[in-house]
Structures are given as structure tokens and as C-alpha cells.
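Enquirer: Next comes the structure file data.cif, holding mmCIF, N, CA and C atoms.
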```cif
data_structure
#
loop_
_atom_site.label_atom_id
_atom_site.label_comp_id
_atom_site.auth_asym_id
_atom_site.auth_seq_id
_atom_site.Cartn_x
_atom_site.Cartn_y
_atom_site.Cartn_z
N MET E 1 55.44 70.31 -302.57
CA MET E 1 54.44 71.01 -303.36
C MET E 1 53.07 70.44 -303.07
N LYS E 2 52.12 71.30 -303.16
CA LYS E 2 50.75 70.86 -302.94
C LYS E 2 50.16 70.36 -304.25
N LYS E 3 49.03 69.70 -304.14
CA LYS E 3 48.41 69.09 -305.30
C LYS E 3 48.06 70.12 -306.37
N ASN E 4 47.51 71.26 -305.96
CA ASN E 4 47.11 72.29 -306.90
C ASN E 4 48.32 72.88 -307.62
N GLU E 5 49.41 73.13 -306.87
CA GLU E 5 50.62 73.67 -307.48
C GLU E 5 51.23 72.67 -308.44
N THR E 6 51.17 71.38 -308.10
CA THR E 6 51.71 70.35 -308.97
C THR E 6 50.92 70.27 -310.26
N SER E 7 49.59 70.36 -310.17
CA SER E 7 48.78 70.28 -311.39
C SER E 7 49.04 71.49 -312.29
N ILE E 8 49.29 72.66 -311.70
CA ILE E 8 49.61 73.83 -312.51
C ILE E 8 50.95 73.63 -313.20
N LEU E 9 51.91 73.09 -312.47
CA LEU E 9 53.23 72.83 -313.05
C LEU E 9 53.12 71.87 -314.22
N TRP E 10 52.34 70.81 -314.05
CA TRP E 10 52.19 69.83 -315.14
C TRP E 10 51.46 70.44 -316.33
N ARG E 11 50.52 71.35 -316.07
CA ARG E 11 49.84 72.02 -317.18
C ARG E 11 50.81 72.89 -317.98
N VAL E 12 51.68 73.58 -317.27
CA VAL E 12 52.67 74.42 -317.95
C VAL E 12 53.63 73.57 -318.77
N ILE E 13 54.10 72.47 -318.17
CA ILE E 13 55.01 71.58 -318.89
C ILE E 13 54.31 70.97 -320.10
N GLY E 14 53.07 70.52 -319.90
CA GLY E 14 52.32 69.93 -321.00
C GLY E 14 52.07 70.92 -322.13
N THR E 15 51.77 72.16 -321.78
CA THR E 15 51.57 73.19 -322.79
C THR E 15 52.85 73.45 -323.56
N GLY E 16 53.97 73.46 -322.84
CA GLY E 16 55.26 73.66 -323.50
C GLY E 16 55.57 72.55 -324.48
N TYR E 17 55.34 71.31 -324.06
CA TYR E 17 55.56 70.18 -324.96
C TYR E 17 54.64 70.26 -326.17
N PHE E 18 53.39 70.60 -325.93
CA PHE E 18 52.44 70.69 -327.04
C PHE E 18 52.89 71.74 -328.04
N LEU E 19 53.26 72.92 -327.55
CA LEU E 19 53.69 73.98 -328.46
C LEU E 19 54.95 73.60 -329.22
N PHE E 20 55.89 72.94 -328.54
CA PHE E 20 57.13 72.52 -329.20
C PHE E 20 56.83 71.55 -330.33
N PHE E 21 56.06 70.50 -330.04
CA PHE E 21 55.79 69.51 -331.07
C PHE E 21 54.85 70.04 -332.15
N PHE E 22 53.96 70.96 -331.78
CA PHE E 22 53.09 71.59 -332.77
C PHE E 22 53.93 72.37 -333.77
N CYS E 23 54.90 73.14 -333.24
CA CYS E 23 55.77 73.92 -334.13
C CYS E 23 56.65 73.00 -334.97
N MET E 24 57.12 71.91 -334.39
CA MET E 24 57.98 70.99 -335.14
C MET E 24 57.19 70.28 -336.25
N TYR E 25 55.94 69.98 -335.98
CA TYR E 25 55.13 69.24 -336.95
C TYR E 25 54.76 70.11 -338.15
N PHE E 26 54.47 71.37 -337.90
CA PHE E 26 53.99 72.23 -338.97
C PHE E 26 55.06 73.11 -339.61
N THR E 27 56.31 72.80 -339.39
CA THR E 27 57.37 73.55 -340.06
C THR E 27 57.68 72.91 -341.41
N THR E 28 58.15 73.73 -342.31
CA THR E 28 58.54 73.21 -343.63
C THR E 28 60.04 73.35 -343.78
N PRO E 29 60.68 72.39 -344.42
CA PRO E 29 62.13 72.49 -344.59
C PRO E 29 62.49 73.68 -345.47
N ALA E 30 63.52 74.42 -345.08
CA ALA E 30 63.89 75.62 -345.82
C ALA E 30 64.98 75.35 -346.85
N SER E 31 65.71 74.26 -346.68
CA SER E 31 66.84 73.95 -347.57
C SER E 31 67.76 75.16 -347.70
N ALA E 32 68.08 75.75 -346.58
CA ALA E 32 68.90 76.96 -346.57
C ALA E 32 70.20 76.69 -345.83
N TYR E 33 71.16 77.54 -346.06
CA TYR E 33 72.46 77.44 -345.43
C TYR E 33 72.52 78.39 -344.25
N ILE E 34 72.96 77.87 -343.09
CA ILE E 34 73.12 78.72 -341.91
C ILE E 34 74.61 78.91 -341.71
N ASP E 35 75.04 80.14 -341.75
CA ASP E 35 76.45 80.48 -341.59
C ASP E 35 76.89 80.14 -340.16
N PRO E 36 78.10 79.59 -339.98
CA PRO E 36 78.58 79.27 -338.62
C PRO E 36 78.61 80.49 -337.70
N ALA E 37 78.88 81.66 -338.24
CA ALA E 37 78.89 82.87 -337.41
C ALA E 37 77.48 83.16 -336.89
N THR E 38 76.49 82.91 -337.70
CA THR E 38 75.10 83.11 -337.27
C THR E 38 74.75 82.14 -336.15
N THR E 39 75.18 80.90 -336.29
CA THR E 39 74.93 79.91 -335.25
C THR E 39 75.60 80.33 -333.94
N ALA E 40 76.82 80.82 -334.04
CA ALA E 40 77.53 81.26 -332.84
C ALA E 40 76.81 82.44 -332.20
N MET E 41 76.32 83.35 -333.01
CA MET E 41 75.61 84.51 -332.48
C MET E 41 74.30 84.08 -331.81
N LEU E 42 73.58 83.17 -332.43
CA LEU E 42 72.33 82.68 -331.83
C LEU E 42 72.62 81.97 -330.51
N THR E 43 73.71 81.20 -330.48
CA THR E 43 74.09 80.52 -329.24
C THR E 43 74.40 81.53 -328.15
N GLN E 44 75.09 82.61 -328.49
CA GLN E 44 75.40 83.64 -327.50
C GLN E 44 74.14 84.34 -327.01
N ILE E 45 73.21 84.58 -327.91
CA ILE E 45 71.96 85.22 -327.51
C ILE E 45 71.18 84.34 -326.55
N ILE E 46 71.08 83.05 -326.90
CA ILE E 46 70.34 82.11 -326.04
C ILE E 46 71.03 81.98 -324.69
N ALA E 47 72.36 81.88 -324.69
CA ALA E 47 73.10 81.80 -323.43
C ALA E 47 72.88 83.06 -322.60
N GLY E 48 72.90 84.21 -323.24
CA GLY E 48 72.67 85.47 -322.53
C GLY E 48 71.30 85.52 -321.89
N VAL E 49 70.30 85.03 -322.60
CA VAL E 49 68.94 85.02 -322.05
C VAL E 49 68.88 84.12 -320.82
N PHE E 50 69.47 82.92 -320.91
CA PHE E 50 69.44 82.01 -319.77
C PHE E 50 70.23 82.56 -318.59
N ILE E 51 71.36 83.18 -318.85
CA ILE E 51 72.14 83.77 -317.76
C ILE E 51 71.37 84.91 -317.11
N THR E 52 70.74 85.73 -317.91
CA THR E 52 69.95 86.84 -317.37
C THR E 52 68.80 86.33 -316.52
N LEU E 53 68.10 85.31 -317.01
CA LEU E 53 67.01 84.73 -316.23
C LEU E 53 67.53 84.14 -314.92
N GLY E 54 68.69 83.51 -314.97
CA GLY E 54 69.28 82.96 -313.75
C GLY E 54 69.62 84.04 -312.74
N VAL E 55 70.17 85.14 -313.22
CA VAL E 55 70.53 86.25 -312.32
C VAL E 55 69.26 86.87 -311.73
N VAL E 56 68.26 87.08 -312.57
CA VAL E 56 67.00 87.66 -312.08
C VAL E 56 66.37 86.75 -311.04
N PHE E 57 66.37 85.45 -311.32
CA PHE E 57 65.81 84.51 -310.35
C PHE E 57 66.63 84.50 -309.07
N GLY E 58 67.95 84.56 -309.20
CA GLY E 58 68.81 84.57 -308.02
C GLY E 58 68.60 85.82 -307.17
N VAL E 59 68.43 86.96 -307.81
CA VAL E 59 68.25 88.20 -307.08
C VAL E 59 66.87 88.24 -306.40
N PHE E 60 65.86 87.82 -307.11
CA PHE E 60 64.50 87.91 -306.59
C PHE E 60 64.00 86.61 -305.98
N ARG E 61 64.89 85.63 -305.81
CA ARG E 61 64.48 84.32 -305.29
C ARG E 61 63.80 84.45 -303.94
N ARG E 62 64.37 85.21 -303.06
CA ARG E 62 63.80 85.36 -301.72
C ARG E 62 62.42 85.98 -301.77
N LYS E 63 62.26 87.00 -302.61
CA LYS E 63 60.95 87.65 -302.73
C LYS E 63 59.92 86.69 -303.33
N ILE E 64 60.35 85.91 -304.30
CA ILE E 64 59.44 84.95 -304.93
C ILE E 64 59.00 83.90 -303.92
N ILE E 65 59.96 83.37 -303.15
CA ILE E 65 59.63 82.36 -302.15
C ILE E 65 58.69 82.94 -301.10
N LEU E 66 58.97 84.15 -300.63
CA LEU E 66 58.09 84.78 -299.63
C LEU E 66 56.70 85.03 -300.19
N PHE E 67 56.62 85.39 -301.47
CA PHE E 67 55.31 85.62 -302.09
C PHE E 67 54.47 84.36 -302.04
N PHE E 68 55.06 83.22 -302.44
CA PHE E 68 54.29 81.98 -302.44
C PHE E 68 54.01 81.49 -301.03
N LYS E 69 54.93 81.72 -300.08
CA LYS E 69 54.67 81.34 -298.70
C LYS E 69 53.51 82.16 -298.13
N ASN E 70 53.51 83.47 -298.42
CA ASN E 70 52.43 84.33 -297.94
C ASN E 70 51.09 83.91 -298.53
N MET E 71 51.10 83.50 -299.80
CA MET E 71 49.85 83.01 -300.40
C MET E 71 49.36 81.79 -299.64
N SER E 72 50.27 80.87 -299.32
CA SER E 72 49.90 79.67 -298.59
C SER E 72 49.42 80.00 -297.19
N ILE E 73 50.11 80.91 -296.52
CA ILE E 73 49.71 81.30 -295.16
C ILE E 73 48.34 81.97 -295.18
N ASN E 74 48.10 82.85 -296.14
CA ASN E 74 46.81 83.52 -296.23
C ASN E 74 45.69 82.53 -296.52
N ARG E 75 45.97 81.54 -297.36
CA ARG E 75 44.96 80.53 -297.68
C ARG E 75 44.63 79.73 -296.42
N THR E 76 45.65 79.34 -295.67
CA THR E 76 45.44 78.60 -294.44
C THR E 76 44.69 79.45 -293.42
N LYS E 77 45.04 80.72 -293.34
CA LYS E 77 44.37 81.63 -292.41
C LYS E 77 42.89 81.74 -292.73
N ARG E 78 42.56 81.85 -294.03
CA ARG E 78 41.15 81.94 -294.42
C ARG E 78 40.40 80.66 -294.06
N LYS E 79 41.04 79.51 -294.27
CA LYS E 79 40.40 78.24 -293.93
C LYS E 79 40.12 78.17 -292.43
N LEU E 80 41.10 78.58 -291.62
CA LEU E 80 40.92 78.55 -290.18
C LEU E 80 39.82 79.51 -289.74
N GLU E 81 39.76 80.68 -290.35
CA GLU E 81 38.70 81.63 -290.02
C GLU E 81 37.32 81.06 -290.34
N LYS E 82 37.21 80.37 -291.48
CA LYS E 82 35.93 79.76 -291.83
C LYS E 82 35.56 78.68 -290.82
N GLN E 83 36.54 77.88 -290.41
CA GLN E 83 36.26 76.85 -289.42
C GLN E 83 35.83 77.46 -288.09
N MET E 84 36.49 78.54 -287.70
CA MET E 84 36.13 79.22 -286.46
C MET E 84 34.70 79.78 -286.54
N GLU E 85 34.35 80.35 -287.69
CA GLU E 85 32.99 80.87 -287.86
C GLU E 85 31.97 79.75 -287.75
N LYS E 86 32.26 78.61 -288.38
CA LYS E 86 31.33 77.48 -288.31
C LYS E 86 31.18 77.00 -286.86
N GLN E 87 32.30 76.92 -286.14
CA GLN E 87 32.24 76.49 -284.76
C GLN E 87 31.44 77.47 -283.91
N SER E 88 31.65 78.75 -284.13
CA SER E 88 30.92 79.74 -283.33
C SER E 88 29.43 79.70 -283.66
N GLU E 89 29.09 79.45 -284.93
CA GLU E 89 27.68 79.32 -285.30
C GLU E 89 27.06 78.11 -284.62
N LYS E 90 27.80 77.00 -284.61
CA LYS E 90 27.28 75.80 -283.96
C LYS E 90 27.08 76.03 -282.47
N GLN E 91 28.04 76.70 -281.84
CA GLN E 91 27.94 76.98 -280.42
C GLN E 91 26.76 77.90 -280.12
N SER E 92 26.56 78.90 -280.95
CA SER E 92 25.44 79.81 -280.72
C SER E 92 24.11 79.08 -280.92
N GLU E 93 24.07 78.16 -281.89
CA GLU E 93 22.85 77.37 -282.09
C GLU E 93 22.58 76.49 -280.87
N LYS E 94 23.64 75.88 -280.34
CA LYS E 94 23.47 75.02 -279.16
C LYS E 94 23.00 75.84 -277.97
N GLN E 95 23.56 77.03 -277.81
CA GLN E 95 23.15 77.87 -276.69
C GLN E 95 21.70 78.32 -276.84
N SER E 96 21.31 78.64 -278.07
CA SER E 96 19.92 79.05 -278.26
C SER E 96 18.97 77.88 -278.03
N GLU E 97 19.39 76.68 -278.41
CA GLU E 97 18.57 75.49 -278.14
C GLU E 97 18.44 75.26 -276.64
N LYS E 98 19.55 75.43 -275.92
CA LYS E 98 19.52 75.24 -274.46
C LYS E 98 18.60 76.26 -273.81
N GLN E 99 18.68 77.50 -274.29
CA GLN E 99 17.83 78.54 -273.72
C GLN E 99 16.36 78.27 -274.01
N SER E 100 16.08 77.81 -275.23
CA SER E 100 14.69 77.53 -275.56
C SER E 100 14.18 76.32 -274.76
N ASN E 101 15.05 75.36 -274.51
CA ASN E 101 14.66 74.20 -273.72
C ASN E 101 14.44 74.58 -272.26
N THR E 102 15.26 75.46 -271.72
CA THR E 102 15.09 75.87 -270.32
C THR E 102 13.86 76.76 -270.14
N ASN E 103 13.49 77.51 -271.18
CA ASN E 103 12.32 78.38 -271.11
C ASN E 103 11.03 77.57 -271.21
N ASP E 104 11.08 76.43 -271.81
CA ASP E 104 9.88 75.60 -271.96
C ASP E 104 9.61 74.86 -270.70
#
```
As a first step, turn the structure in this file into C-alpha cells.
Expert:
Amino acid sequence: MKKNETSILWRVIGTGYFLFFFCMYFTTPASAYIDPATTAMLTQIIAGVFITLGVVFGVFRRKIILFFKNMSINRTKRKLEKQMEKQSEKQSEKQSEKQSNTND
């Protein structure tokens, strides 16, 4: 991973931790009874969400990887184009200096 991608990842993780602890700090105890069937249903819902996300990621994994690779390739391509432009500008300046020196 590159430095920029790592910093984004840490920001996402940090935001997640902040939101989790923020919610935990500002909750009030309900003193309520949770039926075991409700707990089982919530567990099934959460498991279903994670399984669905896993399947979606598995199906689209290749497209996701190619998307980020193309972003990286395009970024590198733009950097190289800028470097080429700078080099061509320097070369044209040198040629114009040589021509002005030969004309004098």
C-alpha cells in the first residue's frame, strides 16, 4: 500500500473507533429484557449481512482490484507526462539559448 492509501485506511479505522466509543459513551442503560429468540434473530441478520458483503466482495473483487490498479497506473502516467513536458521545455530553452548564442 502506498502512503496515501494507508493514511485513508487509518482515517476510516479511526473514525469507526470514534463512532463506536462515542455511541457507547452516550448510551443510557435500558434495564430491559431481551428475549433469546430476538437475540438469535439479530445474530442471523448480522451473519446474513456479513455473508452478503463477502459474496459481493468475492464477485466484484477482480473489478475492484482493477479499478484501484487503473487509478495507480493513470496517476503514474500523469506524473510521467508532466516530467516529459518539463524535459521538453528544458530542451527547447537550451536550444533557443544555443541559437541566440550562435546568432550573436
Enquirer: Centre and edge lengths, as lines of an AutoDock Vina configuration file, for the axis-aligned box enclosing every listed atom of stretch 52-67 of chain E with 3 Å of padding on each of the six sides, in Å to one decimal?
Expert:
```
center_x = 62.6
center_y = 85.3
center_z = -308.8
size_x = 22.3
size_y = 11.9
size_z = 24.3
```
Enquirer: So the first atom is atom C of E:Tyr33 and the second is atom N of E:Ala47; what is the distance between them in Å, to one decimal place?
Expert: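 If I compute the distance from atom C of E:Tyr33 to atom N of E:Ala47, I get 19.9 Å.
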Enquirer: How far is it from atom CA of E:Phe21 to atom CA of E:Thr52, in Å with one decimal?
Expert: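 We find that atom CA of E:Phe21 and atom CA of E:Thr52 lie 26.2 Å from each other.
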Enquirer: What does the distance between atom CA of E:Lys86 and atom CA of E:Asn74 come to in Å, to one decimal place?
Expert: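 Interatomic distance here is 18.4 Å.
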